[in-house]
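Worksheet: the structure to be examined is printed underneath.
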Amino acid sequence: MAVQEGVKLLGCSAWSLADNFDWRAGYTVRFGIQYVNLTTQERFYKASFFELAHLFRTYIQR
């Protein structure tokens with residue numbers, strides 16, 4: 001990873017916090033870091049959520 005090679009990380013963002021409608025792909029592509037069950041509206045964190053949270057914790061402590 002570039003950060004491990006000394007590249008300064010200035011910021012990071014997710015495409016979307018929760019799965020949502022995409023104008024081209026509809027609901028078939030899920031970009032969010034939180035999975036949304038479109039039938040029940042239940043939400044579940046994806047692995048990407050935990051990776052992003054770890055990244056934030058790691059670099060906030062620096």
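Starting from 1 in every chain, residues are counted up; chains themselves are A, B, ... following the order of the structure tokens, and ligands are numbered from 1 as listed.
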
Checklist entry - What's the 12 Å shell around region 43-56 of chain A, counting only C-alpha atoms, without same-chain residues fewer than 5 positions away, as an NGL selection string? => result :A and (3 or 9-20 or 30-38 or 61-62)

Any chance you can output those residues with N, CA and C atoms as a short mmCIF file (atom, residue, chain, number, x, y, z; two decimals), in the first residue's frame?
```cif
data_model
loop_
_atom_site.label_atom_id
_atom_site.label_comp_id
_atom_site.auth_asym_id
_atom_site.auth_seq_id
_atom_site.Cartn_x
_atom_site.Cartn_y
_atom_site.Cartn_z
N VAL A 3 0.59 4.10 1.40
CA VAL A 3 0.77 4.73 2.71
C VAL A 3 1.94 4.08 3.44
N LEU A 9 -1.38 10.40 3.45
CA LEU A 9 -2.81 10.27 3.22
C LEU A 9 -3.48 11.57 3.63
N LEU A 10 -4.12 12.23 2.68
CA LEU A 10 -4.77 13.51 2.96
C LEU A 10 -6.26 13.36 3.24
N GLY A 11 -6.85 12.28 2.78
CA GLY A 11 -8.27 12.09 2.99
C GLY A 11 -8.74 10.77 2.43
N CYS A 12 -9.95 10.44 2.78
CA CYS A 12 -10.53 9.19 2.32
C CYS A 12 -12.05 9.33 2.39
N SER A 13 -12.73 8.79 1.42
CA SER A 13 -14.19 8.84 1.47
C SER A 13 -14.77 7.60 0.81
N ALA A 14 -15.97 7.27 1.18
CA ALA A 14 -16.69 6.16 0.56
C ALA A 14 -17.59 6.74 -0.53
N TRP A 15 -17.88 5.96 -1.53
CA TRP A 15 -18.78 6.42 -2.59
C TRP A 15 -20.14 6.78 -2.02
N SER A 16 -20.61 5.93 -1.10
CA SER A 16 -21.91 6.16 -0.48
C SER A 16 -21.93 5.48 0.88
N LEU A 17 -22.60 6.08 1.84
CA LEU A 17 -22.69 5.46 3.17
C LEU A 17 -23.58 4.23 3.15
N ALA A 18 -24.66 4.29 2.42
CA ALA A 18 -25.59 3.15 2.35
C ALA A 18 -25.90 2.85 0.89
N ASP A 19 -26.22 1.58 0.61
CA ASP A 19 -26.62 1.22 -0.75
C ASP A 19 -27.77 2.11 -1.20
N ASN A 20 -27.73 2.50 -2.45
CA ASN A 20 -28.78 3.39 -2.96
C ASN A 20 -29.03 3.14 -4.44
N ARG A 30 -24.28 -2.29 -5.64
CA ARG A 30 -24.35 -1.78 -4.26
C ARG A 30 -23.02 -1.11 -3.91
N PHE A 31 -23.05 0.22 -3.86
CA PHE A 31 -21.84 1.00 -3.63
C PHE A 31 -21.60 1.34 -2.16
N GLY A 32 -22.58 1.24 -1.33
CA GLY A 32 -22.47 1.72 0.05
C GLY A 32 -21.59 0.86 0.94
N ILE A 33 -21.17 1.43 2.06
CA ILE A 33 -20.42 0.66 3.05
C ILE A 33 -21.38 0.01 4.04
N GLN A 34 -22.67 0.24 3.83
CA GLN A 34 -23.71 -0.38 4.64
C GLN A 34 -24.72 -1.02 3.68
N TYR A 35 -24.92 -2.34 3.82
CA TYR A 35 -25.88 -3.06 2.99
C TYR A 35 -27.29 -2.72 3.44
N VAL A 36 -28.17 -2.47 2.49
CA VAL A 36 -29.57 -2.19 2.80
C VAL A 36 -30.44 -3.27 2.16
N ASN A 37 -31.20 -3.98 2.99
CA ASN A 37 -32.19 -4.93 2.48
C ASN A 37 -33.37 -4.09 2.01
N LEU A 38 -33.59 -4.07 0.71
CA LEU A 38 -34.60 -3.18 0.15
C LEU A 38 -36.03 -3.59 0.48
N GLN A 61 -5.14 8.65 15.34
CA GLN A 61 -4.23 8.50 16.47
C GLN A 61 -2.85 9.07 16.18
N ARG A 62 -2.52 9.30 14.93
CA ARG A 62 -1.18 9.80 14.57
C ARG A 62 -1.03 11.27 14.83
#
```

Strand (DSSP E or B) per DSSP on the backbone: members of chain A, as a PDB file with C-alpha atoms, in the first residue's frame:
```pdb
ATOM      1  CA  SER A  16     -21.914   6.161  -0.480  1.00  0.00           C
ATOM      2  CA  ASP A  22     -27.871   4.261  -9.320  1.00  0.00           C
ATOM      3  CA  GLY A  26     -30.696   0.733 -10.633  1.00  0.00           C
ATOM      4  CA  GLY A  32     -22.470   1.716   0.047  1.00  0.00           C
ATOM      5  CA  GLN A  34     -23.715  -0.383   4.642  1.00  0.00           C
ATOM      6  CA  TYR A  35     -25.878  -3.060   2.990  1.00  0.00           C
ATOM      7  CA  VAL A  36     -29.573  -2.188   2.800  1.00  0.00           C
ATOM      8  CA  ARG A  43     -29.095  -2.323   7.358  1.00  0.00           C
ATOM      9  CA  PHE A  44     -25.897  -4.290   7.902  1.00  0.00           C
ATOM     10  CA  TYR A  45     -22.315  -3.063   7.887  1.00  0.00           C
TER      11      TYR A  45
END
```
